[in-house]
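Dropping input-v9.cif in here (mmCIF, C-alpha atoms):
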```
data_input
loop_
_atom_site.label_atom_id
_atom_site.label_comp_id
_atom_site.auth_asym_id
_atom_site.auth_seq_id
_atom_site.Cartn_x
_atom_site.Cartn_y
_atom_site.Cartn_z
CA MET U 1 9.04 -10.76 -44.02
CA LYS U 2 10.60 -7.39 -43.35
CA LEU U 3 7.18 -6.06 -42.46
CA ALA U 4 6.47 -9.01 -40.18
CA LEU U 5 9.80 -8.44 -38.40
CA ASN U 6 8.58 -4.94 -37.64
CA GLY U 7 5.27 -6.12 -36.22
CA ALA U 8 3.05 -5.78 -39.27
CA LEU U 9 0.37 -8.42 -39.45
CA THR U 10 0.22 -10.16 -42.79
CA ILE U 11 -2.80 -10.66 -45.02
CA GLY U 12 -1.96 -13.00 -47.83
CA THR U 13 -2.41 -16.22 -49.72
CA TYR U 14 -0.97 -19.50 -48.52
CA ASP U 15 2.03 -19.69 -50.80
CA GLY U 16 5.67 -18.69 -50.99
CA ALA U 17 7.12 -16.94 -47.97
CA ASN U 18 3.69 -16.65 -46.37
CA ILE U 19 3.77 -20.37 -45.58
CA GLU U 20 6.96 -19.87 -43.58
CA ILE U 21 5.49 -16.81 -41.88
CA VAL U 22 2.41 -18.79 -40.76
CA GLU U 23 4.61 -21.65 -39.53
CA ASN U 24 6.55 -19.22 -37.35
CA VAL U 25 4.01 -16.66 -36.15
CA GLY U 26 0.99 -18.96 -35.94
CA GLU U 27 -2.21 -19.13 -37.93
CA GLU U 28 -3.93 -16.92 -35.34
CA ASN U 29 -1.55 -14.04 -36.22
CA PHE U 30 -2.01 -14.27 -39.99
CA PHE U 31 -4.97 -13.25 -42.13
CA GLY U 32 -5.01 -15.88 -44.83
CA PHE U 33 -7.21 -15.94 -47.87
CA GLY U 34 -7.52 -17.60 -51.23
CA LEU U 35 -7.61 -21.04 -52.68
CA PRO U 36 -5.29 -23.64 -51.19
CA ALA U 37 -2.32 -24.19 -53.51
CA ASP U 38 -3.42 -27.71 -54.46
CA LYS U 39 -6.92 -26.53 -55.42
CA ALA U 40 -5.52 -23.63 -57.47
CA LEU U 41 -3.15 -26.01 -59.23
CA GLY U 42 -6.03 -28.39 -59.88
CA LEU U 43 -8.10 -25.63 -61.49
CA ARG U 44 -5.20 -24.68 -63.73
CA GLU U 45 -4.37 -28.24 -64.72
CA ALA U 46 -8.00 -29.18 -65.39
CA GLY U 47 -8.49 -26.06 -67.48
CA THR U 48 -11.82 -25.47 -65.75
CA TYR U 49 -11.14 -22.03 -64.31
CA ASN U 50 -13.36 -19.39 -65.87
CA PRO U 51 -12.93 -15.98 -64.23
CA ARG U 52 -16.19 -14.78 -65.79
CA ASP U 53 -18.08 -17.26 -63.61
CA TYR U 54 -16.86 -15.41 -60.52
CA TYR U 55 -17.68 -12.05 -62.13
CA ASP U 56 -21.21 -13.20 -62.96
CA GLN U 57 -21.88 -14.65 -59.49
CA ASP U 58 -20.51 -11.91 -57.21
CA ASP U 59 -22.21 -8.50 -57.29
CA GLU U 60 -19.43 -6.78 -55.35
CA LEU U 61 -16.73 -8.19 -57.63
CA ARG U 62 -18.71 -7.23 -60.71
CA ALA U 63 -19.18 -3.66 -59.41
CA ALA U 64 -15.44 -3.35 -58.68
CA LEU U 65 -14.38 -4.62 -62.11
CA ASP U 66 -16.98 -2.49 -63.86
CA ALA U 67 -15.68 0.58 -62.01
CA ILE U 68 -12.12 -0.26 -63.10
CA SER U 69 -13.19 -1.00 -66.65
CA HIS U 70 -15.19 2.20 -67.02
CA GLY U 71 -12.40 4.53 -65.90
CA ARG U 72 -13.67 5.42 -62.44
CA PHE U 73 -10.13 5.46 -61.06
CA GLY U 74 -8.39 7.51 -63.70
CA THR U 75 -8.52 9.07 -67.10
CA ASP U 76 -6.26 6.50 -68.78
CA PHE U 77 -9.16 4.38 -70.01
CA GLU U 78 -7.00 1.96 -72.00
CA THR U 79 -4.85 0.99 -69.04
CA PHE U 80 -7.74 0.50 -66.66
CA HIS U 81 -9.86 -1.30 -69.22
CA GLY U 82 -6.87 -3.55 -69.94
CA ILE U 83 -6.62 -4.53 -66.27
CA ALA U 84 -10.27 -5.54 -66.14
CA ASP U 85 -10.01 -7.32 -69.48
CA THR U 86 -6.99 -9.32 -68.33
CA LEU U 87 -8.73 -10.33 -65.11
CA LEU U 88 -11.90 -11.34 -66.91
CA ASN U 89 -10.30 -13.22 -69.77
CA ARG U 90 -6.96 -14.58 -68.54
CA ASP U 91 -6.53 -14.13 -64.77
CA GLU U 92 -3.51 -16.42 -64.59
CA TYR U 93 -3.16 -15.80 -60.83
CA LEU U 94 -6.80 -16.70 -60.06
CA ALA U 95 -7.41 -13.30 -58.49
CA LEU U 96 -11.15 -13.44 -59.15
CA ALA U 97 -11.37 -16.87 -57.53
CA ASP U 98 -9.71 -15.37 -54.43
CA PHE U 99 -11.75 -12.16 -54.34
CA ARG U 100 -14.54 -13.23 -51.95
CA SER U 101 -12.05 -14.88 -49.63
CA TYR U 102 -9.98 -11.67 -49.66
CA VAL U 103 -13.02 -9.57 -48.72
CA ASP U 104 -13.75 -11.98 -45.87
CA ALA U 105 -10.12 -11.73 -44.70
CA GLN U 106 -10.38 -7.93 -44.72
CA ASP U 107 -13.46 -8.27 -42.49
CA ARG U 108 -11.37 -10.37 -40.08
CA VAL U 109 -8.68 -7.65 -40.15
CA ASP U 110 -11.30 -5.01 -39.31
CA LYS U 111 -12.60 -7.06 -36.37
CA ALA U 112 -9.08 -7.70 -35.07
CA TRP U 113 -8.18 -4.00 -35.39
CA ALA U 114 -11.26 -3.04 -33.37
CA ASP U 115 -9.76 -4.85 -30.36
CA GLN U 116 -6.57 -2.85 -29.91
CA ASP U 117 -5.28 -4.96 -27.02
CA ALA U 118 -5.57 -8.11 -29.12
CA TRP U 119 -4.08 -6.34 -32.16
CA GLN U 120 -1.06 -5.16 -30.16
CA ARG U 121 -0.58 -8.66 -28.73
CA MET U 122 -0.68 -10.15 -32.24
CA SER U 123 1.78 -7.53 -33.48
CA ILE U 124 4.24 -8.16 -30.65
CA LEU U 125 4.00 -11.92 -31.09
CA ASN U 126 4.54 -11.46 -34.80
CA THR U 127 7.81 -9.65 -34.18
CA ALA U 128 8.94 -12.02 -31.43
CA ARG U 129 8.29 -15.11 -33.54
CA CYS U 130 10.02 -13.81 -36.67
CA GLY U 131 13.54 -14.40 -35.38
CA PHE U 132 13.71 -17.31 -37.81
CA PHE U 133 13.91 -14.73 -40.61
CA SER U 134 16.90 -12.84 -39.20
CA SER U 135 19.77 -12.39 -41.63
CA ASP U 136 22.20 -13.96 -39.13
CA ARG U 137 20.23 -17.21 -38.97
CA THR U 138 19.61 -17.23 -42.71
CA ILE U 139 23.28 -16.72 -43.59
CA GLN U 140 24.37 -19.40 -41.11
CA ASP U 141 21.80 -21.78 -42.61
CA TYR U 142 23.08 -21.08 -46.14
CA CYS U 143 26.67 -21.63 -44.97
CA ASP U 144 25.75 -24.98 -43.41
CA ARG U 145 23.24 -26.42 -45.87
CA ILE U 146 24.00 -24.86 -49.25
CA TRP U 147 27.51 -23.47 -49.45
CA HIS U 148 29.12 -25.93 -46.97
CA VAL U 149 31.62 -23.34 -45.76
CA GLN U 150 33.18 -22.69 -42.37
CA PRO U 151 34.15 -19.39 -40.76
CA VAL U 152 37.64 -18.14 -41.55
CA GLN U 153 39.79 -16.60 -38.86
CA VAL U 154 41.06 -13.22 -40.01
CA PRO U 155 44.32 -12.18 -38.34
CA THR U 156 44.33 -8.85 -36.58
CA ASP U 157 47.14 -6.30 -36.66
CA ASN U 158 48.73 -7.83 -33.56
CA GLY U 159 48.95 -11.28 -35.19
CA HIS U 160 46.10 -12.98 -33.34
#
```

Could you write out this structure as structure tokens?
Amino acid sequence: MKLALNGALTIGTYDGANIEIVENVGEENFFGFGLPADKALGLREAGTYNPRDYYDQDDELRAALDAISHGRFGTDFETFHGIADTLLNRDEYLALADFRSYVDAQDRVDKAWADQDAWQRMSILNTARCGFFSSDRTIQDYCDRIWHVQPVQVPTDNGH
């Protein structure tokens, strides 16, 4: 949210704070990707998610994971191999299921960036529509809805 307040456009999944960001800045100013939360939950609950299926069916994903697994990005083979192994065998966050959607979202980012007037408009709207996330509004909301407290008048030196 701090980045959005400063005009950064968000690329992200539709969960957590990103849902509130989309509600405030508009879908057209957000680069969403990934499985909808209900579908992701369904995959987890059904126990049908197999990350290797995504690896086997997507050449670009397979090339990326193979590069990670084979130490292309560093000399610490164990660490990098462990990352690939975790993604291929556990992937509790469904990252491989979201990979293709993420690549597509990055393509949308590239197209948006190519039109600088549109990008600047999106960035300005992003900042303007993020007032909901200001600390003043958030604290007032907590005072009203959660803490149920009222402001206290603090006397000044002159007694007022």

Taking a cut-off of 7 Å and counting all atoms listed in the file, can you build a table that, for each residue of stretch 41-130 of chain U near stretch 3-17 of chain U, reports the nearest atom pair and how far apart they are in Å (one decimal), sorted by chain then residue number, as CSV?
```
residue,atom,partner,partner_atom,distance
U:Ser123,CA,U:Gly7,CA,4.7
U:Ile124,CA,U:Gly7,CA,6.0
U:Asn126,CA,U:Gly7,CA,5.6
U:Thr127,CA,U:Gly7,CA,4.8
U:Cys130,CA,U:Leu5,CA,5.6
```

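The residues returned by the PyMOL selection byres ((chain U and resi 33) around 7) for this structure are Gly12, Thr13, Phe31, Gly32, Gly34, Ser101, Tyr102 and Ala105 of chain U.
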
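Going from atom CA of U:Asp91 to atom CA of U:Tyr49 covers 9.2 Å.
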
task: Tell me, as a PyMOL selection string, which residues lie within 12 Å of U:Asp85, counting only C-alpha atoms; anything in the same chain fewer than 2 positions away does not count.
output: chain U and resi 51-52+55+65-66+68-70+77-83+87-91

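The space between atom CA of U:Asp98 and atom CA of U:Leu61 spans 10.5 Å.
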
query: Quick one: of U:Glu27, U:Asp136, U:Asp144, U:Glu20, who's nearest to U:Met122, counting all atoms listed in the file?
result: U:Glu27

field: Residue among U:Val149, U:Ala128, U:Cys143, U:Ala97 lying closest to U:Gly26, counting all atoms listed in the file
entry: U:Ala128

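Distances here use all atoms listed in the file; by that measure, the residue among U:Leu35, U:Val25, U:Ala118, U:Phe99 closest to U:Asp59 is U:Phe99.
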
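For the pair atom CA of U:Trp147 and atom CA of U:Glu23, the interatomic distance is 25.0 Å.
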